[in-house]
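Structure file input06.pdb (PDB, C-alpha atoms) is printed below.
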ATOM      1  CA  MET A  12      -0.020   5.373  -8.082
ATOM      2  CA  ASN A  13      -2.848   3.144  -9.256
ATOM      3  CA  ILE A  14      -1.627  -0.453  -9.631
ATOM      4  CA  THR A  15      -3.913  -3.371 -10.453
ATOM      5  CA  ILE A  16      -2.737  -6.939  -9.849
ATOM      6  CA  LYS A  17      -4.161  -9.651 -12.121
ATOM      7  CA  LYS A  18      -3.644 -13.386 -12.090
ATOM      8  CA  LEU A  19      -2.243 -14.657 -15.391
ATOM      9  CA  THR A  20      -4.924 -16.323 -17.525
ATOM     10  CA  PRO A  21      -4.811 -17.672 -21.091
ATOM     11  CA  GLU A  22      -6.629 -14.523 -22.246
ATOM     12  CA  LEU A  23      -3.600 -12.469 -21.156
ATOM     13  CA  ALA A  24      -1.108 -14.417 -23.312
ATOM     14  CA  GLU A  25      -0.437 -11.472 -25.634
ATOM     15  CA  ASP A  26       0.117  -9.146 -22.654
ATOM     16  CA  TYR A  27       2.555 -11.702 -21.270
ATOM     17  CA  VAL A  28       4.803 -11.990 -24.310
ATOM     18  CA  HIS A  29       4.570  -8.249 -25.015
ATOM     19  CA  PHE A  30       5.789  -7.476 -21.491
ATOM     20  CA  PHE A  31       8.866  -9.651 -22.011
ATOM     21  CA  ASP A  32       9.327  -8.238 -25.524
ATOM     22  CA  VAL A  33       9.638  -4.670 -24.264
ATOM     23  CA  THR A  34      10.937  -5.052 -20.705
ATOM     24  CA  PRO A  35      14.706  -5.266 -20.449
ATOM     25  CA  HIS A  36      16.254  -7.667 -17.981
ATOM     26  CA  ASP A  37      19.442  -9.710 -17.589
ATOM     27  CA  HIS A  38      21.787  -6.870 -18.523
ATOM     28  CA  TYR A  39      19.453  -5.699 -21.275
ATOM     29  CA  VAL A  40      20.620  -8.346 -23.752
ATOM     30  CA  ASP A  41      17.746  -9.411 -25.995
ATOM     31  CA  GLU A  42      18.980 -12.960 -26.531
ATOM     32  CA  HIS A  43      18.755 -13.469 -22.747
ATOM     33  CA  LYS A  44      15.011 -12.763 -22.637
ATOM     34  CA  CYS A  45      13.765 -15.829 -20.809
ATOM     35  CA  TYR A  46       9.953 -15.501 -21.026
ATOM     36  CA  CYS A  47      10.029 -17.853 -17.974
ATOM     37  CA  VAL A  48       9.677 -20.878 -20.288
ATOM     38  CA  CYS A  49      12.077 -23.061 -18.305
ATOM     39  CA  TRP A  50      10.244 -22.319 -15.036
ATOM     40  CA  CYS A  51       6.767 -23.476 -15.902
ATOM     41  CA  ASN A  52       6.533 -27.208 -16.549
ATOM     42  CA  ASP A  53       8.313 -30.350 -17.645
ATOM     43  CA  ASP A  54       7.541 -29.860 -21.337
ATOM     44  CA  TYR A  55      11.106 -28.945 -22.244
ATOM     45  CA  GLU A  56      12.393 -32.275 -23.536
ATOM     46  CA  GLY A  57      13.266 -31.910 -27.204
ATOM     47  CA  LYS A  58      12.370 -28.192 -27.211
ATOM     48  CA  ASP A  59      14.696 -25.631 -28.718
ATOM     49  CA  PHE A  60      14.835 -22.543 -26.508
ATOM     50  CA  SER A  61      18.092 -21.291 -28.037
ATOM     51  CA  SER A  62      16.781 -17.878 -29.109
ATOM     52  CA  ALA A  63      14.502 -15.227 -27.665
ATOM     53  CA  GLU A  64      12.087 -15.755 -30.577
ATOM     54  CA  LYS A  65      11.807 -19.494 -29.865
ATOM     55  CA  ARG A  66      11.272 -18.851 -26.151
ATOM     56  CA  ARG A  67       8.632 -16.237 -27.007
ATOM     57  CA  ASN A  68       6.706 -18.655 -29.232
ATOM     58  CA  ALA A  69       6.845 -21.363 -26.560
ATOM     59  CA  ALA A  70       5.738 -18.867 -23.872
ATOM     60  CA  LEU A  71       2.725 -17.826 -25.916
ATOM     61  CA  GLN A  72       1.569 -21.438 -26.121
ATOM     62  CA  TYR A  73       2.419 -22.187 -22.481
ATOM     63  CA  VAL A  74       0.316 -19.265 -21.262
ATOM     64  CA  LYS A  75      -2.571 -20.198 -23.543
ATOM     65  CA  ASN A  76      -2.394 -23.764 -22.167
ATOM     66  CA  GLY A  77      -2.184 -22.615 -18.535
ATOM     67  CA  ASN A  78       1.350 -23.922 -17.987
ATOM     68  CA  ILE A  79       2.908 -20.638 -16.859
ATOM     69  CA  GLN A  80       1.364 -19.313 -13.664
ATOM     70  CA  GLY A  81       1.806 -16.004 -11.934
ATOM     71  CA  TYR A  82       0.648 -12.420 -11.621
ATOM     72  CA  PHE A  83       0.859  -9.139 -13.519
ATOM     73  CA  ALA A  84       0.963  -5.610 -12.182
ATOM     74  CA  TYR A  85      -0.807  -3.113 -14.452
ATOM     75  CA  HIS A  86      -0.446   0.666 -14.395
ATOM     76  CA  GLU A  87      -2.650   2.732 -16.695
ATOM     77  CA  GLY A  88      -3.533  -0.351 -18.742
ATOM     78  CA  LYS A  89       0.079  -1.399 -19.263
ATOM     79  CA  VAL A  90       1.877  -4.377 -17.693
ATOM     80  CA  VAL A  91       4.678  -3.040 -15.496
ATOM     81  CA  GLY A  92       5.501  -6.092 -13.375
ATOM     82  CA  TRP A  93       5.519  -9.875 -13.359
ATOM     83  CA  CYS A  94       5.770 -12.522 -10.625
ATOM     84  CA  ASN A  95       6.079 -16.211 -11.471
ATOM     85  CA  ALA A  96       4.333 -18.201  -8.738
ATOM     86  CA  ASN A  97       3.412 -21.838  -9.064
ATOM     87  CA  ALA A  98       2.775 -24.957  -7.002
ATOM     88  CA  LYS A  99       6.129 -26.312  -5.829
ATOM     89  CA  ALA A 100       5.063 -29.813  -6.889
ATOM     90  CA  ASP A 101       4.906 -28.531 -10.489
ATOM     91  CA  CYS A 102       8.104 -26.504 -10.159
ATOM     92  CA  LEU A 103      10.130 -29.609  -9.326
ATOM     93  CA  LYS A 104       9.565 -30.773 -12.920
ATOM     94  CA  CYS A 105      10.895 -27.576 -14.526
ATOM     95  CA  ALA A 106      14.214 -27.453 -16.394
ATOM     96  CA  GLY A 107      15.193 -24.194 -14.683
ATOM     97  CA  TRP A 108      14.390 -25.640 -11.278
ATOM     98  CA  ARG A 109      16.371 -28.816 -11.909
ATOM     99  CA  ARG A 110      19.342 -26.776 -13.086
ATOM    100  CA  SER A 111      19.357 -24.034 -10.433
ATOM    101  CA  MET A 112      17.335 -25.089  -7.404
ATOM    102  CA  ALA A 113      18.712 -28.507  -6.431
ATOM    103  CA  TYR A 114      19.423 -27.143  -2.950
ATOM    104  CA  VAL A 115      15.701 -26.726  -2.202
ATOM    105  CA  PRO A 116      14.368 -29.753  -0.287
ATOM    106  CA  PRO A 117      11.358 -31.437  -1.929
ATOM    107  CA  ASP A 118      10.359 -33.474   1.143
ATOM    108  CA  ASP A 119       7.355 -31.323   2.061
ATOM    109  CA  ILE A 120       5.623 -32.458  -1.150
ATOM    110  CA  ALA A 121       5.820 -36.115  -0.098
ATOM    111  CA  SER A 122       4.262 -35.247   3.270
ATOM    112  CA  GLY A 123       1.220 -33.670   1.604
ATOM    113  CA  ILE A 124       2.044 -30.063   2.440
ATOM    114  CA  LYS A 125       0.893 -27.723  -0.343
ATOM    115  CA  VAL A 126       3.600 -25.172  -1.143
ATOM    116  CA  LYS A 127       3.286 -22.160  -3.458
ATOM    117  CA  SER A 128       6.717 -21.250  -4.871
ATOM    118  CA  VAL A 129       7.612 -17.665  -5.736
ATOM    119  CA  PHE A 130      10.757 -17.453  -7.814
ATOM    120  CA  CYS A 131      10.739 -14.715 -10.397
ATOM    121  CA  PHE A 132      10.038 -10.990 -10.438
ATOM    122  CA  THR A 133      10.486  -8.698 -13.409
ATOM    123  CA  ILE A 134       9.592  -5.032 -12.981
ATOM    124  CA  ALA A 135       9.731  -2.447 -15.785
ATOM    125  CA  PRO A 136      12.772  -0.191 -15.170
ATOM    126  CA  GLU A 137      10.730   3.002 -14.852
ATOM    127  CA  MET A 138       8.552   1.341 -12.172
ATOM    128  CA  GLN A 139      11.267  -0.179 -10.001
ATOM    129  CA  ARG A 140      11.596   0.835  -6.346
ATOM    130  CA  LYS A 141       7.902   1.738  -6.117
ATOM    131  CA  GLY A 142       6.700  -1.298  -4.154
ATOM    132  CA  ILE A 143       5.290  -3.223  -7.117
ATOM    133  CA  ALA A 144       7.118  -6.461  -6.307
ATOM    134  CA  MET A 145       5.735  -6.217  -2.763
ATOM    135  CA  MET A 146       2.200  -5.775  -4.135
ATOM    136  CA  LEU A 147       2.660  -8.838  -6.330
ATOM    137  CA  LEU A 148       3.993 -10.862  -3.390
ATOM    138  CA  GLU A 149       1.074  -9.825  -1.176
ATOM    139  CA  ARG A 150      -1.384 -10.996  -3.834
ATOM    140  CA  VAL A 151       0.423 -14.326  -4.214
ATOM    141  CA  CYS A 152       0.210 -14.859  -0.450
ATOM    142  CA  SER A 153      -3.463 -13.924  -0.159
ATOM    143  CA  ASP A 154      -4.441 -16.107  -3.121
ATOM    144  CA  ALA A 155      -2.347 -18.992  -1.757
ATOM    145  CA  ILE A 156      -4.456 -18.991   1.400
ATOM    146  CA  GLN A 157      -7.689 -18.976  -0.628
ATOM    147  CA  ASP A 158      -6.344 -21.743  -2.893
ATOM    148  CA  GLY A 159      -5.574 -24.043   0.054
ATOM    149  CA  PHE A 160      -1.786 -23.767   0.149
ATOM    150  CA  ASP A 161      -0.123 -24.340   3.516
ATOM    151  CA  ILE A 162       3.077 -22.418   2.811
ATOM    152  CA  VAL A 163       4.448 -19.796   0.427
ATOM    153  CA  GLU A 164       8.135 -20.348  -0.270
ATOM    154  CA  ALA A 165      10.726 -18.015  -1.845
ATOM    155  CA  TYR A 166      14.393 -18.326  -2.811
ATOM    156  CA  PRO A 167      16.278 -15.014  -2.636
ATOM    157  CA  THR A 168      20.029 -14.782  -2.973
ATOM    158  CA  LYS A 169      21.972 -13.526   0.034
ATOM    159  CA  GLU A 170      23.638 -10.757  -1.927
ATOM    160  CA  SER A 171      22.431  -9.363  -5.201
ATOM    161  CA  GLU A 172      25.796  -8.317  -6.596
ATOM    162  CA  TRP A 173      25.104 -10.139  -9.844
ATOM    163  CA  GLU A 174      22.029  -8.515 -11.373
ATOM    164  CA  PRO A 175      20.516 -11.596 -13.076
ATOM    165  CA  TYR A 176      19.973 -13.209  -9.664
ATOM    166  CA  ASP A 177      17.818 -10.285  -8.546
ATOM    167  CA  PHE A 178      14.896 -11.993 -10.270
ATOM    168  CA  CYS A 179      14.277 -14.057  -7.120
ATOM    169  CA  GLY A 180      13.248 -11.006  -5.117
ATOM    170  CA  HIS A 181      15.116  -9.218  -2.360
ATOM    171  CA  LEU A 182      15.619 -10.536   1.158
ATOM    172  CA  LYS A 183      14.283  -7.319   2.742
ATOM    173  CA  MET A 184      11.003  -7.650   0.864
ATOM    174  CA  TYR A 185      10.459 -11.158   2.195
ATOM    175  CA  ASP A 186      11.456 -10.123   5.720
ATOM    176  CA  LYS A 187       8.965  -7.271   5.589
ATOM    177  CA  SER A 188       6.241  -9.679   4.415
ATOM    178  CA  GLY A 189       6.773 -12.041   7.347
ATOM    179  CA  PHE A 190       8.828 -14.757   5.659
ATOM    180  CA  VAL A 191      11.424 -16.588   7.758
ATOM    181  CA  VAL A 192      14.626 -18.344   6.671
ATOM    182  CA  THR A 193      14.283 -22.134   6.784
ATOM    183  CA  LEU A 194      17.436 -23.070   4.853
ATOM    184  CA  GLU A 195      20.666 -21.286   4.039
ATOM    185  CA  THR A 196      23.289 -22.168   1.444
ATOM    186  CA  LYS A 197      26.451 -20.296   0.499
ATOM    187  CA  GLN A 198      24.599 -18.051  -1.992
ATOM    188  CA  SER A 199      20.868 -18.522  -1.432
ATOM    189  CA  LEU A 200      18.114 -18.808   1.130
ATOM    190  CA  VAL A 201      14.854 -20.681   1.353
ATOM    191  CA  MET A 202      12.260 -18.522   3.077
ATOM    192  CA  ARG A 203       8.722 -19.464   4.103
ATOM    193  CA  LYS A 204       5.540 -17.834   5.226
TER
END

Just give me the structure as structure tokens.
Amino acid sequence: MNITIKKLTPELAEDYVHFFDVTPHDHYVDEHKCYCVCWCNDDYEGKDFSSAEKRRNAALQYVKNGNIQGYFAYHEGKVVGWCNANAKADCLKCAGWRRSMAYVPPDDIASGIKVKSVFCFTIAPEMQRKGIAMMLLERVCSDAIQDGFDIVEAYPTKESEWEPYDFCGHLKMYDKSGFVVTLETKQSLVMRK
């Protein structure tokens, strides 16, 4: 299978929103389509993200402005996978992070350590279980080294019984990639490479 991994750029904004338009996730309920708008920056104050259409419009602008960062997997010219990966220092400002990731210690930022955070994977249903998330993760890690990051950090749940939490990536994938557990909570892990 020929997969090409591309870093998200403003020129790929239409590919970005189209992928979320047509790729089911979160129990296949359209109004739950997130477009990763609450995981990209602190520009959420006063924003209305109450519908998929509003999140889509915001996502289009965020990608064009460089606020959403991550990687696409393409197969035969079509986006089949997404990984949201951003500097942890920027993630700490995000609404989604503040709401869901309070357990993740921010102290490495104050010490000057550069951390790349990996926290969202979406793979087209027909392409799941083919190693695409692993390919995306490998690219994040290799680019992080080139971009001067000291650590790549991920936040998988311990058990993926509830499908919406699968977006963080699976523990086995991180183990296989050389990540180690640095923090454990009742439901989640912090893993680093």

Inset, instruction - For Pro167 (chain A), work out the shell of residues within 6 Å, counting only C-alpha atoms and skipping chain neighbours fewer than 2 positions away, then give it as an MDAnalysis selection string. - result: chainID A and resid 179:182 199:200

Produce a file of the selected residues containing C-alpha atoms, as a PDB file, keeping the file's coordinate frame.
ATOM      1  CA  CYS A 179      14.277 -14.057  -7.120  1.00  0.00           C
ATOM      2  CA  GLY A 180      13.248 -11.006  -5.117  1.00  0.00           C
ATOM      3  CA  HIS A 181      15.116  -9.218  -2.360  1.00  0.00           C
ATOM      4  CA  LEU A 182      15.619 -10.536   1.158  1.00  0.00           C
ATOM      5  CA  SER A 199      20.868 -18.522  -1.432  1.00  0.00           C
ATOM      6  CA  LEU A 200      18.114 -18.808   1.130  1.00  0.00           C
TER       7      LEU A 200
END

Legend entry - Interatomic distance, CA of Pro136 (chain A) to CA of Val91 (chain A) (Å, one decimal):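 Computing it gives 8.6 Å between the two atoms.
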
Inset, instruction - Using all atoms listed in the file, find the one residue out of A:Tyr73, A:Thr34, A:Val126, A:Lys18 that sits nearest to Val48 (chain A). - result: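 Closest to Val48 (chain A) of all the choices is A:Tyr73.
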
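Atom pair CA of Ala98 (chain A) / CA of Pro117 (chain A): separated by 11.9 Å.
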
Inset, instruction - Figure out the distance between CA of Trp93 (chain A) and CA of Lys44 (chain A), please, to one decimal in Å. - result: 13.6 Å

Legend entry - Explicit residues for the PyMOL selection byres ((chain A and resi 190-197) around 9) (as a list in words):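 Selected by the PyMOL selection byres ((chain A and resi 190-197) around 9) here: Tyr114, Val115, Pro116, Val163, Glu164, Ala165, Lys169, Met184, Tyr185, Asp186, Lys187, Ser188, Gly189, Gln198, Ser199, Leu200, Val201, Met202, Arg203 and Lys204 of chain A.
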
Legend entry - Polymer residues at most 10 Å from Asp32 (chain A), only C-alpha atoms, same-chain spacing of 5 or more positions, as a ChimeraX atom specification: /A:26-27,41,44-46,63-64,67

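For the file shown, the residue list from the PyMOL selection byres ((chain A and resi 130-132) around 7) reads Trp93, Cys94, Asn95, Ala96, Ser128, Val129, Thr133, Ile134, Ala144, Ala165, Tyr166, Phe178, Cys179 and Gly180 of chain A.
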
Inset, instruction - Select, from A:Asp161, A:Tyr82, A:Val33, A:Gln139, the residue with the minimum atom-to-atom distance to Lys99 (chain A), counting only C-alpha atoms. - result: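 With only C-alpha atoms as the atom set, the closest residue is A:Asp161.
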
Tell me, as a PDB file with C-alpha atoms, keeping the file's coordinate frame, which residues lie within 9 Å of Val90 (chain A), counting all atoms listed in the file; anything in the same chain fewer than 5 positions away does not count.
ATOM      1  CA  ASP A  26       0.117  -9.146 -22.654  1.00  0.00           C
ATOM      2  CA  TYR A  27       2.555 -11.702 -21.270  1.00  0.00           C
ATOM      3  CA  HIS A  29       4.570  -8.249 -25.015  1.00  0.00           C
ATOM      4  CA  PHE A  30       5.789  -7.476 -21.491  1.00  0.00           C
ATOM      5  CA  PHE A  83       0.859  -9.139 -13.519  1.00  0.00           C
ATOM      6  CA  ALA A  84       0.963  -5.610 -12.182  1.00  0.00           C
ATOM      7  CA  TYR A  85      -0.807  -3.113 -14.452  1.00  0.00           C
ATOM      8  CA  ALA A 135       9.731  -2.447 -15.785  1.00  0.00           C
TER       9      ALA A 135
END

Inset, instruction - Skip Lys125 (chain A) itself and residues of its chain fewer than 4 positions away, then list as a PyMOL selection string all residues within 7 Å of it, counting only C-alpha atoms. - result: chain A and resi 120+160-162

Take the residues that were just selected and, keeping C-alpha atoms, output them as a PDB file, keeping the file's coordinate frame.
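What follows is the written file again_17.pdb:
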ATOM      1  CA  ILE A 120       5.623 -32.458  -1.150  1.00  0.00           C
ATOM      2  CA  PHE A 160      -1.786 -23.767   0.149  1.00  0.00           C
ATOM      3  CA  ASP A 161      -0.123 -24.340   3.516  1.00  0.00           C
ATOM      4  CA  ILE A 162       3.077 -22.418   2.811  1.00  0.00           C
TER       5      ILE A 162
END
